[in-house]
$ cat run_23.tsv   # TSV, C-alpha atoms
chain	number	residue	atom	x	y	z
V	1	MET	CA	126.31	431.14	91.63
V	2	THR	CA	126.42	434.93	91.69
V	3	LYS	CA	127.72	436.92	88.76
V	4	LYS	CA	130.75	437.94	90.83
V	5	ASN	CA	131.55	434.30	91.60
V	6	GLN	CA	131.07	433.38	87.95
V	7	GLN	CA	133.57	436.04	86.92
V	8	GLN	CA	135.98	434.95	89.63
V	9	PHE	CA	135.69	431.36	88.46
V	10	GLU	CA	136.33	432.28	84.85
V	11	GLN	CA	139.35	434.28	85.91
V	12	LEU	CA	140.71	431.41	87.99
V	13	TYR	CA	140.05	429.02	85.13
V	14	GLN	CA	142.01	431.14	82.67
V	15	GLN	CA	144.86	431.68	85.14
V	16	CYS	CA	145.18	428.15	86.43
V	17	PHE	CA	143.95	425.84	83.65
V	18	ALA	CA	147.42	425.08	82.32
V	19	MET	CA	148.81	424.49	85.81
V	20	VAL	CA	145.96	422.16	86.76
V	21	LEU	CA	146.02	420.24	83.47
V	22	GLN	CA	149.77	419.75	83.68
V	23	MET	CA	149.54	418.38	87.22
V	24	CYS	CA	146.71	416.10	86.16
V	25	LEU	CA	148.74	414.85	83.18
V	26	GLY	CA	151.65	413.98	85.45
V	27	TYR	CA	149.36	412.34	87.98
V	28	VAL	CA	147.67	410.04	85.44
V	29	LYS	CA	150.93	409.18	83.68
V	30	GLY	CA	150.28	411.33	80.63
V	31	ASP	CA	146.88	409.90	79.73
V	32	HIS	CA	145.20	412.84	78.01
V	33	ASP	CA	141.58	411.70	78.42
V	34	GLN	CA	141.96	410.96	82.11
V	35	ALA	CA	143.85	414.22	82.65
V	36	ASN	CA	141.01	416.17	81.03
V	37	ASP	CA	138.45	414.36	83.12
V	38	LEU	CA	140.48	414.91	86.26
V	39	SER	CA	141.03	418.61	85.56
V	40	GLN	CA	137.26	419.00	85.14
V	41	GLU	CA	136.82	417.38	88.57
V	42	VAL	CA	139.34	419.86	89.97
V	43	PHE	CA	137.41	422.80	88.54
V	44	ILE	CA	134.11	421.44	89.84
V	45	ASN	CA	135.68	421.36	93.30
V	46	ILE	CA	137.04	424.87	92.77
V	47	TRP	CA	133.55	425.97	91.76
V	48	ASN	CA	132.03	424.36	94.86
V	49	ALA	CA	134.62	425.94	97.14
V	50	LEU	CA	134.51	429.38	95.54
V	51	GLU	CA	132.55	430.86	98.48
V	52	LYS	CA	135.62	430.23	100.66
V	53	PHE	CA	137.99	431.88	98.21
V	54	ARG	CA	139.12	435.24	99.49
V	55	GLY	CA	140.86	436.25	96.32
V	56	ASP	CA	144.12	437.10	98.03
V	57	SER	CA	147.56	436.65	96.52
V	58	ALA	CA	147.76	433.00	97.64
V	59	HIS	CA	145.23	431.84	95.06
V	60	LYS	CA	147.80	429.49	93.52
V	61	THR	CA	148.29	427.64	96.81
V	62	TRP	CA	144.50	427.47	97.16
V	63	VAL	CA	144.18	425.89	93.72
V	64	TYR	CA	147.08	423.51	94.49
V	65	ARG	CA	145.28	422.29	97.62
V	66	ILE	CA	142.14	421.49	95.66
V	67	THR	CA	144.14	419.90	92.84
V	68	VAL	CA	146.13	417.68	95.22
V	69	ASN	CA	143.03	416.57	97.14
V	70	THR	CA	141.06	415.91	93.95
V	71	CYS	CA	143.93	413.89	92.47
V	72	LEU	CA	144.27	411.78	95.61
V	73	GLN	CA	140.57	410.93	95.52
V	74	TYR	CA	140.35	410.50	91.76
V	75	LEU	CA	142.08	407.17	91.21
V	76	ARG	CA	139.97	405.51	93.90
V	77	LYS	CA	136.81	406.92	92.38
V	78	GLU	CA	137.91	405.87	88.90
V	79	LYS	CA	138.62	402.33	90.06
V	80	LYS	CA	135.01	402.18	91.15
V	81	LYS	CA	133.75	403.47	87.80
V	82	ASN	CA	135.81	401.26	85.51
V	83	LYS	CA	138.50	398.68	85.80
V	84	LEU	CA	140.72	400.12	83.08
V	85	GLY	CA	144.14	400.49	84.67
V	86	ILE	CA	145.98	403.64	83.80
V	87	ASP	CA	149.11	401.57	83.19
V	88	GLN	CA	147.45	400.28	80.05
V	89	VAL	CA	147.20	403.70	78.44
V	90	VAL	CA	150.53	405.25	79.33
V	91	ASN	CA	151.89	407.22	76.41
V	92	THR	CA	149.48	405.70	73.94
V	93	LEU	CA	147.73	408.97	73.22
V	94	THR	CA	149.29	411.86	71.39
V	95	MET	CA	148.62	415.25	72.87
V	96	GLU	CA	149.15	417.72	70.10
V	97	GLU	CA	146.26	419.82	71.30
V	98	THR	CA	148.03	420.54	74.56
V	99	GLY	CA	151.48	420.85	73.08
V	100	VAL	CA	152.74	417.66	74.66
V	101	ASN	CA	155.46	416.05	72.59
V	102	ASP	CA	157.39	412.79	73.00
V	103	GLN	CA	159.90	414.39	75.35
V	104	ASN	CA	157.14	415.66	77.62
V	105	ASN	CA	155.37	412.34	77.36
V	106	ALA	CA	158.50	410.60	78.64
V	107	LEU	CA	158.62	413.04	81.55
V	108	TYR	CA	154.95	412.46	82.40
V	109	GLY	CA	155.53	408.72	82.10
V	110	ALA	CA	158.51	408.93	84.45
V	111	ILE	CA	156.58	411.04	86.98
V	112	GLY	CA	153.78	408.50	86.72
V	113	GLN	CA	156.12	405.78	87.93
V	114	LEU	CA	156.55	407.53	91.26
V	115	ALA	CA	154.24	406.87	94.20
V	116	GLU	CA	150.97	408.87	94.08
V	117	LEU	CA	152.04	411.31	96.75
V	118	ASP	CA	155.54	411.73	95.34
V	119	ARG	CA	154.11	412.61	91.92
V	120	LEU	CA	152.17	415.51	93.37
V	121	ILE	CA	155.07	416.79	95.45
V	122	ILE	CA	157.61	416.69	92.63
V	123	MET	CA	155.22	418.43	90.22
V	124	MET	CA	154.90	421.33	92.62
V	125	VAL	CA	158.71	421.44	92.85
V	126	LEU	CA	158.94	421.43	89.04
V	127	ASP	CA	156.46	424.30	89.10
V	128	GLY	CA	158.95	426.22	91.21
V	129	GLN	CA	156.80	426.36	94.34
V	130	GLU	CA	158.46	427.30	97.63
V	131	TYR	CA	159.03	424.29	99.88
V	132	ASP	CA	157.10	425.95	102.69
V	133	ASP	CA	154.08	426.38	100.41
V	134	ILE	CA	154.25	422.73	99.34
V	135	ALA	CA	154.51	421.67	103.01
V	136	GLU	CA	151.41	423.76	103.72
V	137	VAL	CA	149.47	422.18	100.84
V	138	MET	CA	150.42	418.69	101.99
V	139	GLY	CA	150.07	419.41	105.71
V	140	ILE	CA	153.50	418.03	106.58
V	141	GLN	CA	156.56	419.50	108.29
V	142	PRO	CA	158.87	421.48	105.95
V	143	THR	CA	161.91	419.57	107.25
V	144	ASN	CA	160.24	416.26	106.48
V	145	LEU	CA	159.23	417.56	103.06
V	146	ARG	CA	162.82	418.51	102.20
V	147	VAL	CA	164.01	414.97	102.86
V	148	LYS	CA	161.09	413.59	100.85
V	149	ILE	CA	161.93	415.84	97.89
V	150	HIS	CA	165.55	414.77	97.94
V	151	ARG	CA	164.49	411.10	97.87
V	152	ILE	CA	161.93	411.73	95.08
V	153	LYS	CA	164.50	413.57	92.92
V	154	LYS	CA	166.88	410.62	93.25
V	155	ARG	CA	164.14	408.17	92.33
V	156	LEU	CA	163.05	410.27	89.34
V	157	LYS	CA	166.62	410.47	88.10
V	158	LYS	CA	166.94	406.68	88.33
V	159	ILE	CA	163.69	406.19	86.39
V	160	LEU	CA	164.77	408.54	83.62
V	161	GLU	CA	168.19	406.89	83.38
V	162	ASN	CA	166.60	403.48	82.96
V	163	GLU	CA	164.38	404.61	80.11
E	1	MET	CA	171.75	416.02	90.23
E	2	ASN	CA	170.68	419.67	90.52
E	3	ASN	CA	171.74	420.41	86.98
E	4	GLU	CA	169.72	417.51	85.60
E	5	PHE	CA	166.76	418.53	87.67
E	6	GLU	CA	166.95	422.05	86.34
E	7	LYS	CA	166.83	420.59	82.84
E	8	LEU	CA	163.66	418.71	83.76
E	9	GLN	CA	162.26	421.87	85.26
E	10	GLY	CA	162.99	423.70	82.00
E	11	LEU	CA	161.20	421.02	80.02
E	12	TRP	CA	158.27	421.15	82.41
E	13	GLN	CA	157.98	424.91	82.22
E	14	GLN	CA	158.27	424.90	78.45
E	15	ASN	CA	155.38	422.47	78.29
E	16	ARG	CA	153.42	424.78	80.60
E	17	LYS	CA	153.94	427.61	78.11
E	18	ASP	CA	152.82	425.36	75.24
E	19	ILE	CA	149.62	424.50	77.10
E	20	GLU	CA	149.05	428.16	77.92
E	21	ASN	CA	149.52	429.10	74.27
E	22	SER	CA	147.09	426.51	72.96
E	23	PRO	CA	143.61	427.91	72.25
E	24	LEU	CA	141.22	427.85	75.19
E	25	ASP	CA	137.47	427.78	74.56
E	26	LEU	CA	136.25	429.11	77.90
E	27	ASP	CA	132.53	428.86	77.12
E	28	LYS	CA	132.81	425.25	76.05
E	29	ALA	CA	134.99	424.40	79.04
E	30	ILE	CA	132.47	425.91	81.45
E	31	ALA	CA	129.58	424.16	79.68
E	32	ASP	CA	131.45	420.83	80.01
E	33	ILE	CA	132.11	421.45	83.70
E	34	ASN	CA	128.41	422.24	84.23
E	35	THR	CA	127.35	419.03	82.49
E	36	LYS	CA	129.78	416.99	84.57
E	37	LYS	CA	128.63	418.74	87.74
E	38	ARG	CA	124.98	417.86	87.00
E	39	PHE	CA	125.91	414.25	86.30
E	40	SER	CA	127.90	414.07	89.51
E	41	THR	CA	124.93	415.41	91.54
E	42	LYS	CA	122.64	412.80	89.97
E	43	PHE	CA	125.21	410.11	90.78
E	44	HIS	CA	125.34	411.23	94.44
E	45	TYR	CA	121.59	411.22	94.81
E	46	GLY	CA	121.09	408.07	92.67
E	47	ASN	CA	120.58	405.68	95.61
E	48	ILE	CA	118.19	408.07	97.33
E	49	ILE	CA	116.10	408.44	94.16
E	50	VAL	CA	115.92	404.67	93.53
E	51	LEU	CA	115.00	403.91	97.16
E	52	SER	CA	112.41	406.71	97.23
E	53	LEU	CA	110.79	405.29	94.10
E	54	LEU	CA	110.69	401.89	95.79
E	55	VAL	CA	108.90	403.41	98.80
E	56	VAL	CA	106.38	405.13	96.50
E	57	MET	CA	105.77	401.85	94.66
E	58	LEU	CA	105.32	399.91	97.91
E	59	ILE	CA	102.90	402.52	99.30
E	60	ALA	CA	100.93	402.51	96.04
E	61	PHE	CA	100.87	398.71	96.01
E	62	PHE	CA	99.62	398.37	99.59
E	63	TYR	CA	97.20	401.27	99.26
E	64	PHE	CA	95.60	400.63	95.88
E	65	LEU	CA	96.27	396.99	94.95
E	66	ALA	CA	96.60	395.06	98.18
E	67	PRO	CA	95.30	397.03	101.16
E	68	VAL	CA	96.05	394.61	104.00
E	69	GLN	CA	93.55	394.46	106.87
E	70	GLU	CA	95.13	392.42	109.65
E	71	ILE	CA	97.28	394.03	112.35
E	72	LEU	CA	100.14	391.57	111.75
E	73	SER	CA	100.18	392.44	108.05
E	74	ARG	CA	100.07	396.16	108.74
E	75	ILE	CA	103.05	395.86	111.08
E	76	GLY	CA	104.77	393.89	108.32
E	77	VAL	CA	104.12	396.65	105.78
E	78	GLY	CA	105.37	399.17	108.35
E	79	LEU	CA	108.61	397.24	108.80
E	80	MET	CA	109.15	396.96	105.04
E	81	ILE	CA	108.52	400.62	104.29
E	82	GLY	CA	110.11	401.86	107.54
E	83	GLY	CA	113.32	399.93	106.81
E	84	ILE	CA	113.68	401.55	103.41
E	85	VAL	CA	112.90	405.00	104.81
E	86	VAL	CA	115.67	404.52	107.41
E	87	ARG	CA	118.02	403.50	104.57
E	88	ILE	CA	117.08	406.67	102.65
E	89	LEU	CA	117.88	408.77	105.72
E	90	ILE	CA	121.24	407.04	106.10
E	91	GLU	CA	122.03	407.70	102.41
E	92	ALA	CA	121.08	411.37	102.86
E	93	ILE	CA	123.43	411.61	105.86
E	94	SER	CA	126.12	409.94	103.77
E	95	VAL	CA	125.74	412.51	100.96
E	96	SER	CA	125.87	415.32	103.50
E	97	LYS	CA	129.02	413.84	105.10
E	98	ALA	CA	130.66	413.54	101.67
E	99	LYS	CA	129.90	417.20	101.01
E	100	LYS	CA	131.51	418.18	104.30
E	101	ILE	CA	134.90	416.87	103.19
E	102	ASP	CA	136.65	420.16	102.60
E	103	MET	CA	138.72	420.14	99.42
E	104	VAL	CA	140.45	423.33	100.55
E	105	ASP	CA	142.00	421.65	103.60
E	106	ASN	CA	145.57	420.43	103.43
E	107	ALA	CA	146.10	416.91	102.09
E	108	ILE	CA	146.53	415.30	105.53
E	109	LYS	CA	143.30	416.80	106.94
E	110	ASN	CA	141.44	415.96	103.73
E	111	THR	CA	142.69	412.37	103.89
E	112	GLU	CA	141.65	412.06	107.56
E	113	ASP	CA	138.14	413.27	106.71
E	114	THR	CA	137.99	410.87	103.76
E	115	ILE	CA	139.00	408.01	106.06
E	116	ALA	CA	136.20	408.96	108.49
E	117	PHE	CA	133.71	409.07	105.60
E	118	HIS	CA	134.66	405.65	104.25
E	119	ASP	CA	134.60	404.23	107.76
E	120	TYR	CA	131.00	405.46	108.01
E	121	ARG	CA	130.19	403.96	104.59
E	122	LYS	CA	131.69	400.65	105.68
E	123	ARG	CA	129.45	400.61	108.75
E	124	ILE	CA	126.26	401.49	106.89
E	125	HIS	CA	126.95	399.04	104.09
E	126	GLY	CA	127.54	396.33	106.67
E	127	PRO	CA	125.62	395.81	109.93
E	128	VAL	CA	123.04	398.59	109.47
E	129	THR	CA	121.98	397.47	106.00
E	130	ILE	CA	121.86	393.81	107.11
E	131	VAL	CA	119.55	394.77	110.02
E	132	ILE	CA	117.32	396.70	107.59
E	133	ILE	CA	117.14	393.69	105.25
E	134	ILE	CA	116.28	391.39	108.18
E	135	LEU	CA	113.49	393.75	109.29
E	136	TYR	CA	112.27	394.00	105.68
E	137	SER	CA	112.26	390.20	105.40
E	138	ILE	CA	110.39	389.77	108.69
E	139	GLY	CA	107.88	392.33	107.44
E	140	PHE	CA	107.51	390.46	104.17
E	141	TYR	CA	106.79	387.14	105.90
E	142	MET	CA	104.35	388.82	108.32
E	143	ILE	CA	102.15	389.67	105.35
E	144	SER	CA	102.21	386.08	104.09
E	145	PRO	CA	99.40	384.72	106.37
E	146	GLU	CA	96.91	387.31	105.07
E	147	PHE	CA	98.07	386.92	101.48
E	148	SER	CA	97.63	383.15	101.75
E	149	LYS	CA	93.87	383.74	102.07
E	150	TYR	CA	93.78	385.17	98.55
E	151	PHE	CA	96.49	383.13	96.80
E	152	ASP	CA	96.88	379.40	96.11
E	153	THR	CA	99.46	377.48	98.14
E	154	TRP	CA	101.77	377.06	95.14
E	155	GLN	CA	101.65	380.81	94.50
E	156	MET	CA	102.54	381.49	98.13
E	157	ILE	CA	105.43	378.98	97.99
E	158	LEU	CA	106.66	380.59	94.79
E	159	MET	CA	106.48	384.06	96.35
E	160	ASP	CA	108.19	383.08	99.63
E	161	VAL	CA	110.93	381.02	97.98
E	162	SER	CA	111.66	383.63	95.31
E	163	TYR	CA	112.05	386.20	98.09
E	164	ILE	CA	114.84	384.07	99.58
E	165	PHE	CA	116.70	384.27	96.26
E	166	ILE	CA	116.22	388.04	96.11
E	167	ALA	CA	117.57	388.33	99.68
E	168	ILE	CA	120.62	386.22	98.75
E	169	ILE	CA	121.33	388.44	95.73
E	170	LEU	CA	120.96	391.56	97.90
E	171	ILE	CA	123.33	390.17	100.53
E	172	PHE	CA	125.83	389.31	97.76
E	173	PHE	CA	125.82	392.92	96.54
E	174	ILE	CA	126.05	394.31	100.07
E	175	ARG	CA	129.06	392.07	100.74
E	176	LYS	CA	130.65	393.32	97.52
E	177	SER	CA	130.08	396.94	98.57
E	178	VAL	CA	131.56	396.32	102.02
E	179	ILE	CA	134.66	394.72	100.49
E	180	LYS	CA	135.02	397.68	98.12
E	181	GLU	CA	134.65	400.22	100.94
E	182	MET	CA	137.16	398.31	103.07
E	183	LYS	CA	139.66	398.22	100.21
E	184	THR	CA	139.27	401.96	99.63
E	185	LEU	CA	139.57	402.58	103.35
E	186	SER	CA	142.78	400.59	103.68
E	187	GLU	CA	144.26	402.33	100.62
E	188	ILE	CA	143.57	405.76	102.10
E	189	ILE	CA	144.92	404.70	105.49
E	190	GLU	CA	148.12	403.56	103.72
E	191	LEU	CA	148.25	406.89	101.88
E	192	LYS	CA	147.99	408.78	105.14
E	193	LYS	CA	150.73	406.65	106.70
E	194	GLU	CA	152.91	407.47	103.69
E	195	MET	CA	152.15	411.18	104.14
E	196	ILE	CA	153.08	411.38	107.78
E	197	LYS	CA	156.04	409.00	107.57
E	198	GLU	CA	159.13	410.74	108.91
E	199	GLU	CA	161.89	410.56	106.33
E	200	VAL	CA	165.44	409.91	107.53
$ encode --input "run_23.tsv" --output "structure tokens"
Amino acid sequence: MTKKNQQQFEQLYQQCFAMVLQMCLGYVKGDHDQANDLSQEVFINIWNALEKFRGDSAHKTWVYRITVNTCLQYLRKEKKKNKLGIDQVVNTLTMEETGVNDQNNALYGAIGQLAELDRLIIMMVLDGQEYDDIAEVMGIQPTNLRVKIHRIKKRLKKILENE
Amino acid sequence: MNNEFEKLQGLWQQNRKDIENSPLDLDKAIADINTKKRFSTKFHYGNIIVLSLLVVMLIAFFYFLAPVQEILSRIGVGLMIGGIVVRILIEAISVSKAKKIDMVDNAIKNTEDTIAFHDYRKRIHGPVTIVIIILYSIGFYMISPEFSKYFDTWQMILMDVSYIFIAIILIFFIRKSVIKEMKTLSEIIELKKEMIKEEV
């Protein structure tokens, strides 16, 4: 890796670490250890893809793409490595070091009850991403995405009400 | 519903700020990523390394310890070593295919490429590996006539029968791998269906 790439990576890491970690936390139902492991995988993939990074203003979308793809591959990979189901560790770990309190834990737990794909979509919505950008990251039609988001919001509301 | 969602969004964004405000040890984080990256590379090349060592051991065995003289035996050795070399090549292609899955693509394209990769894995874990094992086994038994000149009958029986057990164990593990690849493949296919499903 060239010095320029190294600097670019460090910059991306500092800018996007919180965003990536938060998405990973939601994806693995708030399990801190798995989220850390997963965010490291995301940054390895960012590192490997750095040559393709043009450094334009859309760097957030670029990082989202890698995060989404890494998340979707992660659970399958993890199943191969160990049989520990993530359901077993939901909310059992405190996350003081990342500022996650009980309220946040409940939110991550609720997001974790959604389907894999829905978790990723709703987290980008919570992040305030434009629907068109989310559609681009997922590779689906914006109209289809809008309907999906509406359905996911309803489902999330139902989950939180039942808790 | 919008109001409640905005509340969730507020909670989410507050947590983002908390994470951002927690201390970040960049040097340690990069060192950890490097360590994980190295481990991941070793994991990818693990099969290739193990199989290459096996080839080296077989060559050393047939060159220094048991240099076979008969044509039949030499063909047998060729089949044994050749089969493993083909398997190494297939593994190398597999690693290269895995690397070609572009993590910067959108999720649909990435999923399609992942499906193609696992489909390839399923094929190489199945028929191709079975053919290689059959060739290896034929090679092994082709050496037996020459070996029988130097070993007692009971030693030959022990060797030939124990090989059958080894082959059964190998086939068991191959079957397990194929089942695993098929399960992964069907999960990803389901995921893709979910992605492209038109919502009404």
$ closest_residue --input "run_23.tsv" --among "V:Leu145, V:Cys16, V:Ile159, V:Cys71" --to "Tyr108 (chain V)" --atoms "all atoms listed in the file"
V:Ile159
$ residues_near_point --input "run_23.tsv" --point "(136.4, 411.1, 109.3)" --cutoff "12 Å" --atoms "all atoms listed in the file" --output "CSV table (one decimal) with C-alpha atoms, in the coordinates of the input"
chain,number,residue,atom,x,y,z
E,94,SER,CA,126.1,409.9,103.8
E,97,LYS,CA,129.0,413.8,105.1
E,98,ALA,CA,130.7,413.5,101.7
E,100,LYS,CA,131.5,418.2,104.3
E,101,ILE,CA,134.9,416.9,103.2
E,102,ASP,CA,136.6,420.2,102.6
E,108,ILE,CA,146.5,415.3,105.5
E,109,LYS,CA,143.3,416.8,106.9
E,110,ASN,CA,141.4,416.0,103.7
E,111,THR,CA,142.7,412.4,103.9
E,112,GLU,CA,141.6,412.1,107.6
E,113,ASP,CA,138.1,413.3,106.7
E,114,THR,CA,138.0,410.9,103.8
E,115,ILE,CA,139.0,408.0,106.1
E,116,ALA,CA,136.2,409.0,108.5
E,117,PHE,CA,133.7,409.1,105.6
E,118,HIS,CA,134.7,405.6,104.2
E,119,ASP,CA,134.6,404.2,107.8
E,120,TYR,CA,131.0,405.5,108.0
E,121,ARG,CA,130.2,404.0,104.6
E,185,LEU,CA,139.6,402.6,103.4
E,188,ILE,CA,143.6,405.8,102.1
E,189,ILE,CA,144.9,404.7,105.5
$ residues_around --input "run_23.tsv" --residues "Pro142 (chain V)" --least-positions-apart "2" --cutoff "12 Å" --atoms "all atoms listed in the file" --output "CSV table (one decimal) with C-alpha atoms, keeping the file's coordinate frame"
chain,number,residue,atom,x,y,z
V,130,GLU,CA,158.5,427.3,97.6
V,131,TYR,CA,159.0,424.3,99.9
V,132,ASP,CA,157.1,426.0,102.7
V,133,ASP,CA,154.1,426.4,100.4
V,134,ILE,CA,154.2,422.7,99.3
V,135,ALA,CA,154.5,421.7,103.0
V,136,GLU,CA,151.4,423.8,103.7
V,137,VAL,CA,149.5,422.2,100.8
V,138,MET,CA,150.4,418.7,102.0
V,139,GLY,CA,150.1,419.4,105.7
V,140,ILE,CA,153.5,418.0,106.6
V,144,ASN,CA,160.2,416.3,106.5
V,145,LEU,CA,159.2,417.6,103.1
V,146,ARG,CA,162.8,418.5,102.2
V,147,VAL,CA,164.0,415.0,102.9
V,148,LYS,CA,161.1,413.6,100.8
V,149,ILE,CA,161.9,415.8,97.9
E,196,ILE,CA,153.1,411.4,107.8
E,198,GLU,CA,159.1,410.7,108.9
E,199,GLU,CA,161.9,410.6,106.3
$ interface_residues --input "run_23.tsv" --of "chain E" --to "chain V" --cutoff "8 Å" --atoms "only C-alpha atoms" --output "ChimeraX atom specification"
/E:1,5,8-9,11-13,15-16,18-20,22,26,32-33,36-37,103-111,184,191,194-196,198-200
$ residues_around --input "run_23.tsv" --residues "region 130-144 of chain E" --least-positions-apart "4" --cutoff "10 Å" --atoms "all atoms listed in the file" --output "number ranges by chain"
E: 68-87, 124-126, 148-149, 151, 156-157, 159-160, 163-164, 167, 170-171, 174-175
$ atom_distance --input "run_23.tsv" --atom1 "CA of Gly30 (chain V)" --atom2 "CA of Asp27 (chain E)"
25.2 Å
$ atom_distance --input "run_23.tsv" --atom1 "CA of Thr129 (chain E)" --atom2 "CA of Ile168 (chain E)"
13.5 Å
$ atom_distance --input "run_23.tsv" --atom1 "CA of Lys183 (chain E)" --atom2 "CA of His44 (chain E)"
20.2 Å
$ closest_residue --input "run_23.tsv" --among "E:Ile48, E:Met182, E:Ala66, E:Val128" --to "Tyr150 (chain E)" --atoms "all atoms listed in the file"
E:Ala66
$ closest_residue --input "run_23.tsv" --among "V:Tyr74, V:Glu51, V:Leu25, V:Leu120" --to "Thr2 (chain V)" --atoms "only C-alpha atoms"
V:Glu51
